[in-house]
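Shown next: query_26.txt, given as compact mmCIF, N, CA and C atoms.
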```txt
# COMPACT_ATOMS: atom_id res chain seq x y z
N MET A 1 22.11 -13.83 -25.06
CA MET A 1 22.58 -13.63 -26.40
C MET A 1 23.95 -14.27 -26.59
N GLN A 2 24.81 -14.16 -25.59
CA GLN A 2 26.14 -14.76 -25.70
C GLN A 2 26.03 -16.28 -25.78
N ALA A 3 25.14 -16.85 -24.99
CA ALA A 3 24.96 -18.30 -25.00
C ALA A 3 24.43 -18.76 -26.36
N ALA A 4 23.50 -18.01 -26.93
CA ALA A 4 22.95 -18.36 -28.24
C ALA A 4 24.05 -18.29 -29.30
N GLU A 5 24.90 -17.27 -29.24
CA GLU A 5 26.00 -17.15 -30.20
C GLU A 5 26.98 -18.30 -30.04
N ALA A 6 27.27 -18.67 -28.80
CA ALA A 6 28.19 -19.79 -28.55
C ALA A 6 27.61 -21.09 -29.09
N LEU A 7 26.32 -21.31 -28.91
CA LEU A 7 25.68 -22.52 -29.43
C LEU A 7 25.72 -22.55 -30.96
N LYS A 8 25.47 -21.41 -31.60
CA LYS A 8 25.55 -21.33 -33.07
C LYS A 8 26.96 -21.70 -33.55
N LEU A 9 27.97 -21.13 -32.88
CA LEU A 9 29.35 -21.43 -33.29
C LEU A 9 29.69 -22.90 -33.08
N ALA A 10 29.27 -23.46 -31.94
CA ALA A 10 29.56 -24.86 -31.64
C ALA A 10 28.87 -25.79 -32.63
N ALA A 11 27.65 -25.44 -33.01
CA ALA A 11 26.88 -26.28 -33.93
C ALA A 11 27.23 -26.02 -35.39
N GLY A 12 27.94 -24.92 -35.65
CA GLY A 12 28.30 -24.60 -37.03
C GLY A 12 27.11 -24.18 -37.87
N ILE A 13 26.14 -23.51 -37.24
CA ILE A 13 24.94 -23.10 -37.97
C ILE A 13 24.76 -21.59 -37.85
N GLY A 14 23.95 -21.03 -38.71
CA GLY A 14 23.64 -19.61 -38.66
C GLY A 14 24.80 -18.73 -39.07
N GLU A 15 24.58 -17.42 -38.91
CA GLU A 15 25.60 -16.44 -39.28
C GLU A 15 26.29 -15.95 -38.01
N SER A 16 27.60 -16.03 -37.99
CA SER A 16 28.39 -15.60 -36.84
C SER A 16 28.40 -14.08 -36.72
N LEU A 17 28.59 -13.59 -35.51
CA LEU A 17 28.74 -12.15 -35.28
C LEU A 17 30.20 -11.71 -35.44
N SER A 18 31.01 -12.57 -35.99
CA SER A 18 32.43 -12.24 -36.18
C SER A 18 32.58 -10.94 -36.95
N GLY A 19 33.38 -10.02 -36.41
CA GLY A 19 33.59 -8.74 -37.05
C GLY A 19 32.51 -7.71 -36.76
N ARG A 20 31.57 -8.08 -35.89
CA ARG A 20 30.48 -7.17 -35.54
C ARG A 20 30.27 -7.16 -34.04
N LEU A 21 29.76 -6.06 -33.54
CA LEU A 21 29.43 -5.91 -32.14
C LEU A 21 27.94 -5.62 -32.05
N LEU A 22 27.21 -6.43 -31.31
CA LEU A 22 25.76 -6.26 -31.17
C LEU A 22 25.50 -5.46 -29.90
N LEU A 23 24.82 -4.34 -30.03
CA LEU A 23 24.56 -3.44 -28.90
C LEU A 23 23.06 -3.32 -28.64
N LEU A 24 22.70 -3.24 -27.38
CA LEU A 24 21.30 -3.05 -26.99
C LEU A 24 21.16 -1.71 -26.30
N ASP A 25 20.27 -0.87 -26.81
CA ASP A 25 19.89 0.37 -26.15
C ASP A 25 18.68 0.00 -25.29
N ALA A 26 18.91 -0.21 -23.99
CA ALA A 26 17.85 -0.71 -23.11
C ALA A 26 16.74 0.32 -22.89
N LEU A 27 17.06 1.61 -22.99
CA LEU A 27 16.02 2.62 -22.81
C LEU A 27 15.01 2.58 -23.94
N GLU A 28 15.48 2.39 -25.14
CA GLU A 28 14.61 2.35 -26.32
C GLU A 28 14.27 0.92 -26.73
N MET A 29 14.94 -0.06 -26.12
CA MET A 29 14.79 -1.48 -26.48
C MET A 29 15.03 -1.69 -27.97
N GLU A 30 16.13 -1.12 -28.44
CA GLU A 30 16.53 -1.26 -29.84
C GLU A 30 17.92 -1.87 -29.92
N TRP A 31 18.10 -2.75 -30.87
CA TRP A 31 19.39 -3.38 -31.12
C TRP A 31 20.06 -2.67 -32.29
N ARG A 32 21.36 -2.59 -32.26
CA ARG A 32 22.12 -2.11 -33.42
C ARG A 32 23.42 -2.88 -33.50
N THR A 33 23.99 -2.89 -34.69
CA THR A 33 25.22 -3.62 -34.93
C THR A 33 26.29 -2.65 -35.44
N VAL A 34 27.49 -2.77 -34.86
CA VAL A 34 28.63 -1.98 -35.31
C VAL A 34 29.60 -2.95 -35.96
N LYS A 35 30.00 -2.66 -37.19
CA LYS A 35 30.94 -3.53 -37.90
C LYS A 35 32.36 -3.07 -37.67
N PHE A 36 33.26 -4.03 -37.51
CA PHE A 36 34.67 -3.74 -37.34
C PHE A 36 35.43 -4.35 -38.50
N GLY A 37 36.34 -3.60 -39.07
CA GLY A 37 37.18 -4.11 -40.15
C GLY A 37 38.56 -4.44 -39.61
N LYS A 38 39.22 -5.37 -40.24
CA LYS A 38 40.58 -5.72 -39.84
C LYS A 38 41.56 -4.72 -40.42
N ASP A 39 42.52 -4.33 -39.61
CA ASP A 39 43.60 -3.46 -40.02
C ASP A 39 44.83 -4.34 -40.20
N ALA A 40 45.36 -4.38 -41.43
CA ALA A 40 46.49 -5.27 -41.72
C ALA A 40 47.68 -5.01 -40.81
N GLY A 41 47.84 -3.78 -40.31
CA GLY A 41 48.96 -3.45 -39.45
C GLY A 41 48.68 -3.59 -37.97
N CYS A 42 47.47 -3.99 -37.62
CA CYS A 42 47.09 -4.11 -36.21
C CYS A 42 47.81 -5.26 -35.54
N THR A 43 48.35 -5.02 -34.34
CA THR A 43 49.06 -6.07 -33.61
C THR A 43 48.13 -7.09 -32.98
N VAL A 44 46.83 -6.81 -33.01
CA VAL A 44 45.86 -7.74 -32.44
C VAL A 44 45.15 -8.54 -33.53
N CYS A 45 44.51 -7.84 -34.49
CA CYS A 45 43.68 -8.55 -35.47
C CYS A 45 44.33 -8.66 -36.85
N GLY A 46 45.50 -8.05 -37.05
CA GLY A 46 46.17 -8.09 -38.35
C GLY A 46 46.70 -9.47 -38.68
N ALA A 47 47.28 -9.58 -39.86
CA ALA A 47 47.79 -10.87 -40.35
C ALA A 47 48.82 -11.47 -39.41
N THR A 48 49.62 -10.65 -38.77
CA THR A 48 50.63 -11.16 -37.84
C THR A 48 50.20 -10.95 -36.39
N GLY A 49 48.92 -10.62 -36.19
CA GLY A 49 48.41 -10.35 -34.85
C GLY A 49 48.36 -11.59 -33.98
N ASP A 50 48.26 -11.35 -32.68
CA ASP A 50 48.27 -12.47 -31.74
C ASP A 50 46.93 -12.64 -31.02
N ALA A 51 45.86 -12.15 -31.60
CA ALA A 51 44.55 -12.26 -30.96
C ALA A 51 44.09 -13.72 -30.88
N ARG A 52 44.28 -14.46 -31.95
CA ARG A 52 43.79 -15.85 -31.95
C ARG A 52 44.54 -16.73 -30.96
N SER A 53 45.81 -16.47 -30.75
CA SER A 53 46.58 -17.29 -29.82
C SER A 53 46.29 -16.93 -28.37
N GLY A 54 45.68 -15.76 -28.14
CA GLY A 54 45.42 -15.31 -26.79
C GLY A 54 46.60 -14.60 -26.17
N GLU A 55 47.70 -14.51 -26.91
CA GLU A 55 48.90 -13.86 -26.38
C GLU A 55 48.62 -12.42 -25.98
N TYR A 56 47.83 -11.71 -26.74
CA TYR A 56 47.51 -10.32 -26.45
C TYR A 56 46.88 -10.18 -25.06
N LEU A 57 46.01 -11.12 -24.70
CA LEU A 57 45.32 -11.05 -23.41
C LEU A 57 46.24 -11.38 -22.25
N ARG A 58 47.34 -12.08 -22.52
CA ARG A 58 48.28 -12.43 -21.46
C ARG A 58 49.25 -11.28 -21.16
N ARG A 59 49.26 -10.24 -21.99
CA ARG A 59 50.13 -9.09 -21.74
C ARG A 59 49.56 -8.23 -20.63
N SER A 60 50.46 -7.48 -19.97
CA SER A 60 49.99 -6.51 -18.96
C SER A 60 49.30 -5.36 -19.68
N GLY A 61 48.54 -4.56 -18.96
CA GLY A 61 47.83 -3.44 -19.55
C GLY A 61 48.76 -2.48 -20.26
N ALA A 62 49.91 -2.17 -19.65
CA ALA A 62 50.87 -1.24 -20.27
C ALA A 62 51.42 -1.82 -21.57
N ASP A 63 51.69 -3.13 -21.58
CA ASP A 63 52.20 -3.78 -22.79
C ASP A 63 51.15 -3.77 -23.90
N ARG A 64 49.89 -3.91 -23.54
CA ARG A 64 48.83 -3.88 -24.54
C ARG A 64 48.75 -2.50 -25.20
N GLU A 65 48.82 -1.46 -24.37
CA GLU A 65 48.73 -0.10 -24.90
C GLU A 65 49.92 0.25 -25.77
N SER A 66 51.09 -0.24 -25.42
CA SER A 66 52.28 0.09 -26.20
C SER A 66 52.38 -0.75 -27.47
N ALA A 67 51.51 -1.76 -27.59
CA ALA A 67 51.55 -2.62 -28.77
C ALA A 67 51.22 -1.85 -30.03
N GLY A 68 50.50 -0.75 -29.89
CA GLY A 68 50.27 0.13 -31.03
C GLY A 68 48.94 -0.08 -31.73
N GLY A 69 48.69 -1.24 -32.30
CA GLY A 69 47.50 -1.45 -33.12
C GLY A 69 46.22 -1.39 -32.31
N ILE A 70 45.22 -0.74 -32.87
CA ILE A 70 43.91 -0.66 -32.22
C ILE A 70 42.86 -0.99 -33.25
N CYS A 71 41.96 -1.88 -32.92
CA CYS A 71 40.85 -2.20 -33.82
C CYS A 71 39.86 -1.05 -33.78
N ARG A 72 39.44 -0.60 -34.93
CA ARG A 72 38.52 0.54 -35.03
C ARG A 72 37.27 0.14 -35.79
N PRO A 73 36.12 0.71 -35.38
CA PRO A 73 34.89 0.42 -36.14
C PRO A 73 34.97 1.01 -37.54
N THR A 74 34.28 0.34 -38.49
CA THR A 74 34.26 0.84 -39.86
C THR A 74 32.96 1.55 -40.12
```
Take the structure in the file and give it back as structure tokens.
Amino acid sequence: MQAAEALKLAAGIGESLSGRLLLLDALEMEWRTVKFGKDAGCTVCGATGDARSGEYLRRSGADRESAGGICRPT
């Protein structure tokens, strides 16, 4: 599934999973999608967030937790 999503993004076709998380319940073999909304004050996904630059991932675990903003499902 990840490879298929990467190919879609690279080719610029189809609908991206951006803002959504695709989950598989393997016991029931059912898929479901959880939508995530952007929080304007979030230090990761907000307008001034550093998620796109990758800076957030370069922080230590303690620095990430103290950053404050947390993306929450809608």
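Between atom C of Gly19 (chain A) and CA of Gly37 (chain A) the separation is 6.8 Å.
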Students should find that CA of Glu28 (chain A) and CA of Met1 (chain A) are spaced 17.9 Å
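The two atoms in question, CA of Leu22 (chain A) and CA of Ala4 (chain A), are spaced 12.8 Å apart.
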Out of A:Lys38, A:Ala47, A:Glu5, A:Glu30, which residue has the shortest atom-to-atom distance to Leu17 (chain A) when counting only C-alpha atoms? A:Glu5
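The residue that comes closest to Ser18 (chain A), out of A:Trp31, A:Ala3, A:Phe36, A:Cys42 and on the basis of all atoms listed in the file, is A:Phe36.
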